[in-house]
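Okay, final-v7.txt is below, compact mmCIF, C-alpha atoms:
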# COMPACT_ATOMS: atom_id res chain seq x y z
CA MET V 996 -154.44 72.06 116.78
CA ASN V 997 -152.30 69.76 118.89
CA ALA V 998 -150.43 66.91 117.21
CA PRO V 999 -147.70 64.51 118.35
CA THR V 1000 -144.15 65.38 117.31
CA HIS V 1001 -141.30 63.02 116.62
CA HIS V 1002 -140.14 63.64 120.19
CA GLY V 1003 -143.43 62.34 121.55
CA GLN V 1004 -144.52 65.75 122.82
CA ARG V 1005 -147.52 67.66 121.64
CA THR V 1006 -147.31 70.62 119.31
CA ALA V 1007 -149.21 73.92 119.36
CA HIS V 1008 -149.36 75.10 115.76
CA LEU V 1009 -149.55 78.90 115.82
CA ASP V 1010 -148.51 79.70 112.25
CA ALA V 1011 -151.72 79.60 110.23
CA ALA V 1012 -150.74 83.03 108.84
CA GLY V 1013 -147.80 81.27 107.19
CA THR V 1014 -148.97 77.73 106.50
CA GLY V 1015 -152.03 76.33 108.22
CA PRO V 1016 -151.97 72.67 109.28
CA MET V 1017 -154.04 70.63 106.85
CA PRO V 1018 -156.89 68.63 108.39
CA ASP V 1019 -156.60 64.85 107.98
CA ALA V 1020 -159.40 64.78 105.39
CA VAL V 1021 -157.63 67.36 103.22
CA ARG V 1022 -154.32 65.53 103.43
CA ALA V 1023 -156.02 62.24 102.52
CA VAL V 1024 -157.63 63.72 99.38
CA LEU V 1025 -154.35 65.26 98.27
CA ALA V 1026 -152.48 61.98 98.78
CA ASP V 1027 -155.16 59.92 96.99
CA CYS V 1028 -155.32 62.24 93.98
CA THR V 1029 -151.54 62.42 93.72
CA ALA V 1030 -151.32 58.62 93.82
CA ARG V 1031 -154.02 58.25 91.14
CA ASP V 1032 -152.28 60.78 88.92
CA ASP V 1033 -148.96 59.01 89.37
CA ARG V 1034 -150.41 55.54 88.66
CA PHE V 1035 -153.08 56.17 86.01
CA GLY V 1036 -152.27 59.58 84.55
CA ALA V 1037 -153.86 63.03 84.48
CA ARG V 1038 -156.79 62.08 82.22
CA ALA V 1039 -157.91 59.28 84.52
CA LEU V 1040 -157.66 61.62 87.50
CA ASP V 1041 -159.80 64.21 85.68
CA GLU V 1042 -162.45 61.56 85.01
CA HIS V 1043 -162.36 60.39 88.62
CA LEU V 1044 -162.82 63.92 89.95
CA ALA V 1045 -165.54 64.76 87.42
CA ALA V 1046 -167.55 61.75 88.62
CA GLY V 1047 -167.26 62.73 92.28
CA PRO V 1048 -170.43 63.71 94.14
CA GLY V 1049 -171.04 66.98 95.92
CA PRO V 1050 -170.58 70.62 94.95
CA GLY V 1051 -167.58 71.74 92.96
CA ILE V 1052 -164.99 74.16 94.19
CA ARG V 1053 -166.51 77.21 92.51
CA GLN V 1054 -169.83 76.59 94.24
CA ARG V 1055 -168.04 76.44 97.58
CA LEU V 1056 -166.04 79.56 96.78
CA GLY V 1057 -169.26 81.39 95.93
CA ARG V 1058 -170.74 80.43 99.31
CA LEU V 1059 -167.57 81.48 101.14
CA LEU V 1060 -167.56 84.90 99.47
CA GLY V 1061 -171.30 85.51 99.15
CA VAL V 1062 -171.13 85.82 95.34
CA PRO V 1063 -172.26 83.76 92.32
CA ALA V 1064 -170.05 80.74 91.69
CA ARG V 1065 -169.42 81.84 88.09
CA ASP V 1066 -167.54 84.91 89.37
CA THR V 1067 -164.93 82.84 91.23
CA LEU V 1068 -161.86 80.99 90.05
CA PRO V 1069 -159.33 78.68 91.76
CA VAL V 1070 -155.79 79.91 91.18
CA THR V 1071 -152.31 79.06 92.40
CA GLY V 1072 -152.24 81.98 94.81
CA ALA V 1073 -153.34 85.54 95.50
CA ALA V 1074 -150.20 87.09 94.04
CA ASP V 1075 -150.67 85.31 90.71
CA ALA V 1076 -154.28 86.47 90.41
CA PHE V 1077 -153.23 90.02 91.31
CA ASP V 1078 -150.51 89.92 88.62
CA ALA V 1079 -153.04 88.84 86.01
CA PHE V 1080 -155.45 91.60 87.05
CA LEU V 1081 -152.78 94.29 86.83
CA ALA V 1082 -151.60 93.01 83.45
CA ARG V 1083 -154.96 94.10 82.01
CA LEU V 1084 -154.91 97.58 83.55
CA ASP V 1085 -153.57 100.51 81.57
CA PRO V 1086 -153.59 103.66 83.72
CA GLY V 1087 -152.24 106.81 82.12
CA PRO V 1088 -149.18 108.79 83.21
CA ARG V 1089 -151.41 111.29 84.99
CA ASP V 1090 -153.25 108.60 86.94
CA ARG V 1091 -152.59 107.56 90.53
CA ILE V 1092 -152.73 104.17 92.19
CA TRP V 1093 -152.97 103.76 95.94
CA THR V 1094 -151.60 101.09 98.19
CA THR V 1095 -151.25 100.80 101.97
CA PRO V 1096 -148.38 100.22 104.42
CA HIS V 1097 -149.77 96.70 105.00
CA GLU V 1098 -149.04 95.49 101.48
CA GLY V 1099 -146.75 92.47 101.14
CA VAL V 1100 -143.66 92.42 98.98
CA ALA V 1101 -145.25 90.28 96.24
CA GLN V 1102 -148.08 92.75 95.65
CA LEU V 1103 -145.73 95.71 95.95
CA THR V 1104 -143.49 94.23 93.29
CA SER V 1105 -146.46 93.95 90.94
CA LEU V 1106 -147.58 97.51 91.67
CA HIS V 1107 -144.11 98.87 90.94
CA ALA V 1108 -144.04 96.94 87.69
CA LEU V 1109 -147.39 98.53 86.75
CA ARG V 1110 -146.03 101.97 87.65
CA ASP V 1111 -142.87 101.42 85.60
CA ARG V 1112 -144.88 100.12 82.63
CA THR V 1113 -147.44 102.93 82.55
CA ARG V 1114 -145.55 105.80 84.28
CA CYS V 1115 -148.48 106.35 86.63
CA ARG V 1116 -147.97 107.60 90.18
CA LEU V 1117 -147.95 105.31 93.22
CA ASP V 1118 -149.09 106.72 96.57
CA VAL V 1119 -149.21 105.11 100.00
CA VAL V 1120 -152.31 105.80 102.10
CA PRO V 1121 -151.01 107.01 105.51
CA LEU V 1122 -151.78 105.53 108.89
CA ARG V 1123 -153.29 107.48 111.76
CA PRO V 1124 -151.43 107.66 115.08
CA ASP V 1125 -153.52 104.74 116.39
CA GLY V 1126 -152.33 102.53 113.52
CA ASP V 1127 -155.55 102.56 111.48
CA LEU V 1128 -155.68 103.59 107.84
CA ASP V 1129 -156.48 107.27 107.48
CA LEU V 1130 -159.89 107.15 105.81
CA ASP V 1131 -160.26 110.92 106.09
CA TRP V 1132 -157.15 111.25 103.94
CA MET V 1133 -158.72 108.94 101.38
CA ARG V 1134 -161.95 110.93 101.33
CA ALA V 1135 -160.02 114.17 100.88
CA HIS V 1136 -157.75 112.92 98.09
CA ILE V 1137 -159.97 110.61 96.04
CA GLY V 1138 -160.66 111.90 92.56
CA PRO V 1139 -161.06 110.94 88.91
CA ASP V 1140 -157.31 110.42 88.54
CA VAL V 1141 -157.21 107.50 91.03
CA ALA V 1142 -157.23 104.42 88.81
CA LEU V 1143 -156.63 101.65 91.34
CA VAL V 1144 -156.70 101.11 95.11
CA SER V 1145 -155.05 97.97 96.49
CA ALA V 1146 -155.79 97.13 100.13
CA VAL V 1147 -155.05 94.25 102.49
CA HIS V 1148 -157.97 92.99 104.59
CA VAL V 1149 -155.81 91.67 107.45
CA SER V 1150 -152.17 92.66 107.74
CA ALA V 1151 -149.76 89.74 107.84
CA ALA V 1152 -147.25 91.99 109.58
CA CYS V 1153 -149.24 92.59 112.77
CA GLY V 1154 -152.84 91.40 112.35
CA THR V 1155 -154.51 94.77 111.80
CA ALA V 1156 -158.00 94.28 110.32
CA ASN V 1157 -158.54 97.07 107.82
CA PRO V 1158 -162.00 98.57 107.11
CA VAL V 1159 -162.34 97.20 103.57
CA HIS V 1160 -166.11 97.75 103.54
CA GLU V 1161 -165.71 101.44 104.39
CA ILE V 1162 -163.00 101.82 101.73
CA GLY V 1163 -165.43 100.32 99.22
CA ARG V 1164 -168.05 102.91 100.15
CA ILE V 1165 -165.52 105.71 99.69
CA LEU V 1166 -164.52 104.44 96.25
CA ALA V 1167 -168.02 103.52 94.98
CA PRO V 1168 -168.82 106.87 93.28
CA HIS V 1169 -165.43 106.99 91.56
CA ARG V 1170 -163.74 105.24 88.63
CA ALA V 1171 -161.02 103.59 90.73
CA ARG V 1172 -160.70 99.83 90.51
CA TYR V 1173 -160.59 98.24 93.95
CA ALA V 1174 -158.51 95.12 94.75
CA VAL V 1175 -158.59 93.41 98.17
CA ASP V 1176 -156.08 90.84 99.36
CA ALA V 1177 -157.97 88.55 101.76
CA SER V 1178 -155.18 85.99 102.19
CA HIS V 1179 -155.06 86.47 105.96
CA SER V 1180 -158.79 86.93 106.52
CA ALA V 1181 -160.22 84.07 104.44
CA GLY V 1182 -160.90 81.30 106.91
CA GLN V 1183 -161.03 83.45 110.03
CA LEU V 1184 -163.30 86.43 109.23
CA PRO V 1185 -166.64 86.48 107.35
CA LEU V 1186 -166.22 87.58 103.74
CA ASP V 1187 -168.87 89.22 101.58
CA ALA V 1188 -167.16 90.39 98.42
CA ALA V 1189 -170.31 92.01 97.04
CA ARG V 1190 -170.76 94.10 100.19
CA ILE V 1191 -167.09 95.07 100.19
CA GLY V 1192 -167.66 96.47 96.71
CA CYS V 1193 -164.33 95.34 95.28
CA ASP V 1194 -163.52 94.56 91.66
CA LEU V 1195 -161.05 91.85 92.67
CA LEU V 1196 -160.72 89.77 95.84
CA THR V 1197 -157.86 87.29 96.11
CA ALA V 1198 -156.68 84.88 98.79
CA ASP V 1199 -154.26 82.03 99.36
CA GLY V 1200 -155.73 78.67 100.23
CA TRP V 1201 -152.93 77.33 102.43
CA ARG V 1202 -153.21 79.77 105.34
CA PHE V 1203 -156.28 79.98 107.60
CA LEU V 1204 -158.35 77.82 105.24
CA ARG V 1205 -155.70 75.10 105.72
CA GLY V 1206 -155.64 73.85 102.16
CA PRO V 1207 -152.59 72.64 100.23
CA GLN V 1208 -149.67 74.80 99.11
CA ASP V 1209 -149.91 76.62 95.77
CA THR V 1210 -153.69 77.04 95.89
CA GLY V 1211 -155.87 80.11 96.17
CA PHE V 1212 -158.81 81.80 94.55
CA ALA V 1213 -160.02 85.01 92.99
CA TYR V 1214 -163.37 86.74 92.76
CA THR V 1215 -163.90 89.32 90.04
CA ARG V 1216 -166.89 91.62 89.87
CA PRO V 1217 -168.84 91.10 86.62
CA GLY V 1218 -168.45 94.75 85.63
CA ALA V 1219 -164.67 94.46 85.96
CA ARG V 1220 -164.23 91.47 83.67
CA ASP V 1221 -162.51 93.52 81.00
CA THR V 1222 -159.60 93.71 83.46
CA SER V 1223 -160.06 90.40 85.25
CA PRO V 1224 -158.76 86.86 85.02
CA THR V 1225 -161.24 84.51 83.39
CA SER V 1226 -161.81 80.84 83.93
CA PRO V 1227 -160.24 78.50 81.37
CA GLY V 1228 -163.17 76.13 82.06
CA GLY V 1229 -163.62 72.55 81.00
CA PRO V 1230 -161.92 69.40 82.20
CA GLY V 1231 -158.55 70.67 81.06
CA ALA V 1232 -158.67 73.65 83.42
CA HIS V 1233 -155.22 72.81 84.75
CA ALA V 1234 -153.62 73.39 81.36
CA ARG V 1235 -151.26 76.28 80.70
CA PRO V 1236 -153.22 79.54 81.10
CA ALA V 1237 -153.65 82.03 78.32
CA PRO V 1238 -151.75 85.34 78.52
CA GLY V 1239 -153.21 87.59 81.19
CA GLN V 1240 -154.75 84.70 83.12
CA PRO V 1241 -153.40 83.37 86.43
CA PRO V 1242 -152.20 79.77 86.54
CA VAL V 1243 -154.75 77.26 87.79
CA PRO V 1244 -153.72 74.66 90.40
CA ALA V 1245 -153.21 71.02 89.53
CA PRO V 1246 -156.36 68.89 89.85
CA ALA V 1247 -155.09 67.17 93.02
CA ALA V 1248 -154.56 70.55 94.68
CA VAL V 1249 -157.98 71.80 93.55
CA ALA V 1250 -159.67 68.71 94.99
CA ALA V 1251 -157.81 69.13 98.28
CA LEU V 1252 -158.71 72.83 98.48
CA ASN V 1253 -162.34 71.93 97.79
CA THR V 1254 -162.19 69.53 100.74
CA ALA V 1255 -160.62 72.24 102.91
CA LEU V 1256 -163.48 74.59 102.03
CA ALA V 1257 -166.02 71.90 102.92
CA HIS V 1258 -164.20 71.20 106.20
CA HIS V 1259 -164.21 74.91 107.02
CA ALA V 1260 -167.90 75.30 106.23
CA ALA V 1261 -168.87 72.28 108.34
CA ALA V 1262 -166.71 73.11 111.35
CA PRO V 1263 -168.53 74.78 114.24
CA PRO V 1264 -167.45 78.35 115.00
CA PRO V 1265 -164.85 78.66 117.74
CA LEU V 1266 -166.24 78.74 121.25
CA GLN V 1267 -164.14 81.75 122.17
CA ASP V 1268 -161.80 84.30 120.68
CA LEU V 1269 -158.35 83.04 121.69
CA LEU V 1270 -156.45 86.11 120.48
CA PRO V 1271 -156.94 87.99 123.81
CA ARG V 1272 -155.69 84.91 125.66
CA LEU V 1273 -152.61 84.78 123.44
CA ARG V 1274 -152.07 88.51 123.85
CA ALA V 1275 -152.26 88.18 127.65
CA VAL V 1276 -149.51 85.54 127.59
CA LEU V 1277 -147.23 87.88 125.68
CA GLU V 1278 -148.06 90.97 127.73
CA ARG V 1279 -147.19 89.32 131.02
CA THR V 1280 -143.88 87.92 129.71
CA PRO V 1281 -140.95 90.15 130.76
CA GLY V 1282 -138.93 91.53 127.87
CA VAL V 1283 -141.62 90.98 125.22
CA GLU V 1284 -142.71 93.92 123.07
CA LEU V 1285 -145.82 93.57 120.90
CA LEU V 1286 -145.60 95.22 117.50
CA PRO V 1287 -148.06 98.10 117.16
CA ALA V 1288 -151.27 97.53 115.22
CA GLY V 1289 -154.57 99.28 114.65
CA ARG V 1290 -157.60 99.15 116.89
CA ASP V 1291 -159.04 96.02 115.26
CA ARG V 1292 -156.94 92.86 115.11
CA ALA V 1293 -157.70 89.44 113.68
CA GLY V 1294 -155.86 86.24 114.45
CA ILE V 1295 -152.27 87.52 114.32
CA LEU V 1296 -149.83 88.99 116.85
CA ALA V 1297 -146.19 89.86 116.22
CA PHE V 1298 -143.63 90.48 118.95
CA ARG V 1299 -139.95 90.90 119.73
CA HIS V 1300 -137.94 90.07 122.83
CA HIS V 1301 -135.44 92.61 124.12
CA GLU V 1302 -132.71 90.01 124.72
CA VAL V 1303 -133.37 86.99 122.52
CA PRO V 1304 -133.28 87.46 118.71
CA ALA V 1305 -136.33 86.34 116.78
CA ALA V 1306 -134.59 83.49 114.93
CA ARG V 1307 -133.23 81.95 118.14
CA LEU V 1308 -136.55 82.35 119.91
CA ARG V 1309 -138.50 80.72 117.08
CA ARG V 1310 -136.14 77.74 117.03
CA ALA V 1311 -136.27 77.40 120.82
CA LEU V 1312 -140.07 77.49 120.76
CA ALA V 1313 -140.08 74.77 118.10
CA ARG V 1314 -137.93 72.57 120.32
CA HIS V 1315 -140.61 72.92 122.98
CA GLY V 1316 -143.45 72.09 120.61
CA ALA V 1317 -144.73 75.55 119.62
CA VAL V 1318 -144.70 76.35 115.90
CA LEU V 1319 -144.47 80.07 115.12
CA ALA V 1320 -142.91 82.09 112.32
CA LYS V 1321 -140.14 84.65 112.04
CA THR V 1322 -140.92 87.74 109.99
CA VAL V 1323 -138.45 90.18 108.48
CA ALA V 1324 -138.74 93.76 107.32
CA GLN V 1325 -138.41 92.87 103.63
CA GLU V 1326 -141.75 91.04 103.72
CA HIS V 1327 -143.65 94.28 104.53
CA PRO V 1328 -141.17 97.07 103.77
CA LEU V 1329 -143.69 99.93 104.12
CA HIS V 1330 -145.08 98.88 107.49
CA PRO V 1331 -143.96 100.88 110.56
CA ALA V 1332 -142.81 97.64 112.20
CA ALA V 1333 -140.13 97.37 109.50
CA ALA V 1334 -138.60 100.73 110.39
CA GLY V 1335 -136.13 99.27 112.90
CA GLY V 1336 -135.27 96.37 110.65
CA ALA V 1337 -135.14 93.81 113.49
CA PRO V 1338 -136.94 90.52 112.77
CA ALA V 1339 -139.99 89.62 114.84
CA VAL V 1340 -141.83 86.45 115.84
CA ARG V 1341 -145.40 86.05 114.62
CA ALA V 1342 -148.09 83.95 116.27
CA SER V 1343 -151.46 83.25 114.64
CA VAL V 1344 -154.50 81.27 115.73
CA HIS V 1345 -156.94 79.41 113.49
CA ARG V 1346 -160.29 77.70 113.92
CA GLY V 1347 -158.62 74.53 115.16
CA THR V 1348 -156.64 76.31 117.87
CA THR V 1349 -157.66 75.48 121.44
CA ALA V 1350 -157.15 77.07 124.83
CA GLN V 1351 -154.79 74.17 125.57
CA ASP V 1352 -152.65 75.27 122.63
CA ILE V 1353 -152.28 78.73 124.14
CA ASP V 1354 -151.39 77.24 127.53
CA HIS V 1355 -148.84 74.99 125.84
CA PHE V 1356 -147.35 78.03 124.08
CA ALA V 1357 -147.12 79.90 127.40
CA ARG V 1358 -145.07 77.06 128.90
CA ALA V 1359 -142.93 76.78 125.76
CA LEU V 1360 -142.23 80.52 125.79
CA ARG V 1361 -141.26 80.46 129.46
CA ASP V 1362 -138.91 77.49 128.99
CA ALA V 1363 -137.43 78.79 125.74
CA LEU V 1364 -136.59 82.18 127.23
CA ARG V 1365 -135.05 80.57 130.30
CA GLU V 1366 -132.79 78.46 128.09
CA GLU V 1367 -131.85 81.19 125.65
CA ARG V 1368 -130.93 83.72 128.33
CA HIS V 1369 -128.30 81.27 129.54
CA THR V 1370 -126.99 80.37 126.10
CA PRO V 1371 -123.81 82.21 125.04
CA THR V 1372 -124.31 84.28 121.93
CA VAL V 1373 -122.21 83.04 119.01
CA PRO V 1374 -120.84 85.90 116.91
CA ALA V 1375 -122.59 86.04 113.59
CA PRO V 1376 -120.45 85.31 110.52
CA ALA V 1377 -119.52 88.17 108.24
CA PRO V 1378 -122.42 88.92 105.89
CA VAL V 1379 -122.12 87.64 102.36
CA ALA V 1380 -123.39 89.89 99.60
CA ALA V 1381 -126.57 88.46 98.13
CA PRO V 1382 -127.03 88.19 94.37
CA ALA V 1383 -128.71 91.18 92.86
CA ALA V 1384 -131.87 89.24 92.08
CA ALA V 1385 -132.29 87.65 95.50
CA ALA V 1386 -135.64 88.23 97.16
CA GLY V 1387 -136.29 89.08 100.78
CA GLY V 1388 -138.60 87.10 103.03
CA ALA V 1389 -138.77 83.66 104.48
CA GLY V 1390 -140.98 80.81 103.35
CA GLY V 1391 -140.92 79.05 106.73
CA ARG V 1392 -141.22 75.36 107.60
CA GLY V 1393 -138.58 74.40 105.04
CA ARG V 1394 -140.73 75.47 102.11
CA PRO V 1395 -139.56 77.90 99.43
CA SER V 1396 -140.59 81.47 100.02
CA PRO V 1397 -143.74 82.52 98.15
CA TYR V 1398 -141.73 85.60 97.21
CA ALA V 1399 -138.76 83.69 95.80
CA GLY V 1400 -137.56 85.21 92.55
CA ARG V 1401 -139.17 88.58 93.25
CA THR V 1402 -136.72 91.42 93.71
CA VAL V 1403 -137.73 94.23 96.07
CA ARG V 1404 -135.23 96.76 97.34
CA ARG V 1405 -136.15 99.88 99.27
CA GLY V 1406 -134.11 101.92 96.82
CA HIS V 1407 -136.52 100.83 94.08
CA LEU V 1408 -139.67 101.59 96.08
CA THR V 1409 -139.91 105.17 94.94
CA LEU V 1410 -143.23 106.18 96.47
CA HIS V 1411 -144.79 109.56 96.91
CA SER V 1412 -145.34 110.47 100.53
CA ALA V 1413 -148.97 110.90 101.47
CA THR V 1414 -149.10 113.98 103.66

Would you give me this structure, written as structure tokens?
Amino acid sequence: MNAPTHHGQRTAHLDAAGTGPMPDAVRAVLADCTARDDRFGARALDEHLAAGPGPGIRQRLGRLLGVPARDTLPVTGAADAFDAFLARLDPGPRDRIWTTPHEGVAQLTSLHALRDRTRCRLDVVPLRPDGDLDLDWMRAHIGPDVALVSAVHVSAACGTANPVHEIGRILAPHRARYAVDASHSAGQLPLDAARIGCDLLTADGWRFLRGPQDTGFAYTRPGARDTSPTSPGGPGAHARPAPGQPPVPAPAAVAALNTALAHHAAAPPPLQDLLPRLRAVLERTPGVELLPAGRDRAGILAFRHHEVPAARLRRALARHGAVLAKTVAQEHPLHPAAAGGAPAVRASVHRGTTAQDIDHFARALRDALREERHTPTVPAPAPVAAPAAAAGGAGGRGRPSPYAGRTVRRGHLTLHSAT
């Protein structure tokens, strides 16, 4: 979506994988609710929202996910709902839990906490040479001792779209709980949680759905409710959650997310898939290397330039009106792209992206690289040791990292190799 910048130029926003640009209607609802809360108080805002016409957020979540509304719940984010789900699991020391190389640091931190609490074993499902998850390995190794499988629908590291429906079919005859992180697919790919066959599906609301920060949602399968977050219910649903339940967003944020869901449902589908157009721009740019991904991609491409570091390139692109993100290895420490440790630049398209945005990005990339190749490199200052509890990752766009306060070090990621 193009928008004027303070320099008078137009901006191509290609960071929906980080923070999607809120539509005007969503921003207006958030501002109005915040103003009402500030002026009249939380109770008056609750009454105002309760009297509003139209379907509630759980009805819209049910339609988005193809499930009954009663099985959905607005939460503050996917990671919080995942934490609450894991808090109710109690695998034994002989049990195994599986994750994938696409898992983000927030979910990995929660899985390691579960492993440390229960002394279960944590395995990583391997990738095939083409970058896809090795489903044959899963079929060969699934058994009654697998208590949980955690999978990402679309990888935030490189855009790989994982076969979550096929994984569900593999797991269906077995006892394993199945959790799917749809944070980077909700809003760009169709979702049918019942057909996926998962016990838990979580997503953030501020990415491709373009809702406000600190919003998300969870679906829990009825048969998994003994290990699932439950809805606090009632007009005081924004109150402090009970133990084992994820926090619920403030009413203003819930109302804005509801508007974002309505905006998404009413918007016509994109006229064309712009990812190949974006990929072509990168492939014909000298010095650009695309990060490897599987055969199916959705909405996200990550790349490095052989001469210009990712941080400098991202800043130069921003000066030319193209908003992208920088990613670092700590955000996805198990992904092959993290092996070299060098940061990358990530571009992502959303339903509001146009062909003109991609053309604008192509010009911005050309001009940014021309400038940066002629800019002397300033020696980096000596590294300063970070506090022991510092978390890796970048929040982007001046916002705190969603992983702030979570400690993940490779030395602590003691995983069993899947060979």

Which residues come within 6 Å of stretch 1157-1162 of chain V, counting all atoms listed in the file, excluding same-chain residues fewer than 2 positions away, as JSON, numbers by chain?
{"V": [1148, 1164, 1165, 1191]}

Report, in Å to a single decimal, how far apart atom CA of V:Leu1195 and atom CA of V:Leu1166 are.
13.5 Å

Just want the 6 Å neighbourhood of stretch 1097-1111 of chain V, counted on only C-alpha atoms, with same-chain residues fewer than 5 positions away dropped. Output as a list in words.
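These residues fall inside the cut-off: Ser1150, Glu1326, His1327, His1330 and Tyr1398 of chain V.
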
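Distances here use all atoms listed in the file; by that measure, the residue among V:Thr1014, V:Thr1280, V:Thr1254, V:Thr1071 closest to V:Val1344 is V:Thr1014.
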
If I wrap all listed atoms of stretch 1128-1147 of chain V in a box with edges along x, y and z and add 6 Å on each side, what are its centre and edge lengths in Å to one decimal, as lines of an AutoDock Vina configuration file?
center_x = -158.5
center_y = 104.2
center_z = 98.2
size_x = 18.9
size_y = 31.9
size_z = 31.3

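When all atoms listed in the file are used to measure the gap to V:Gly1289, the shortest distance among V:Gly1138, V:Pro1331, V:Pro1264, V:Pro1242 belongs to V:Pro1331.
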
Grab the atom CA of V:Ala1045 to atom CA of V:His1258 distance for me, in Å with one decimal place.
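Separation between atom CA of V:Ala1045 and atom CA of V:His1258: 19.9 Å.
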
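Pairwise distance (atom CA of V:Val1062, atom CA of V:Ala1188) equals 6.8 Å.
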
Which polymer residues have any atom within 7 Å of an atom of V:Pro1086, counting all atoms listed in the file, with same-chain residues fewer than 2 positions away left out, as a ChimeraX atom specification?
/V:1084,1088,1090,1113,1115,1142

Exercise: residues within 8 Å of coordinate (-139.1, 95.1, 116.5), counting all atoms listed in the file, as a PDB file with C-alpha atoms, in the coordinates of the input:
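Saved the output as selection-v2.pdb:
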ATOM      1  CA  GLU V1284    -142.710  93.920 123.070  1.00  0.00           C
ATOM      2  CA  LEU V1286    -145.600  95.220 117.500  1.00  0.00           C
ATOM      3  CA  PHE V1298    -143.630  90.480 118.950  1.00  0.00           C
ATOM      4  CA  ARG V1299    -139.950  90.900 119.730  1.00  0.00           C
ATOM      5  CA  ALA V1332    -142.810  97.640 112.200  1.00  0.00           C
ATOM      6  CA  ALA V1333    -140.130  97.370 109.500  1.00  0.00           C
ATOM      7  CA  GLY V1335    -136.130  99.270 112.900  1.00  0.00           C
ATOM      8  CA  GLY V1336    -135.270  96.370 110.650  1.00  0.00           C
ATOM      9  CA  ALA V1337    -135.140  93.810 113.490  1.00  0.00           C
ATOM     10  CA  PRO V1338    -136.940  90.520 112.770  1.00  0.00           C
ATOM     11  CA  ALA V1339    -139.990  89.620 114.840  1.00  0.00           C
TER      12      ALA V1339
END

Would you mind telling me which residue in V:Leu1068, V:Leu1117, V:Ala1248, V:Ala1257 lies nearest to V:Cys1028 when using only C-alpha atoms?
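Checking each candidate against V:Cys1028, we get V:Ala1248 as the closest.
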
Near-V:Glu1302 list (9 Å; only C-alpha atoms; drop same-chain fewer than 3 positions) as a ChimeraX atom specification
/V:1282-1283,1299,1367-1368

Could you write out the selected residues, including C-alpha atoms, as a PDB file, keeping the file's coordinate frame?
ATOM      1  CA  GLY V1282    -138.930  91.530 127.870  1.00  0.00           C
ATOM      2  CA  VAL V1283    -141.620  90.980 125.220  1.00  0.00           C
ATOM      3  CA  ARG V1299    -139.950  90.900 119.730  1.00  0.00           C
ATOM      4  CA  GLU V1367    -131.850  81.190 125.650  1.00  0.00           C
ATOM      5  CA  ARG V1368    -130.930  83.720 128.330  1.00  0.00           C
TER       6      ARG V1368
END
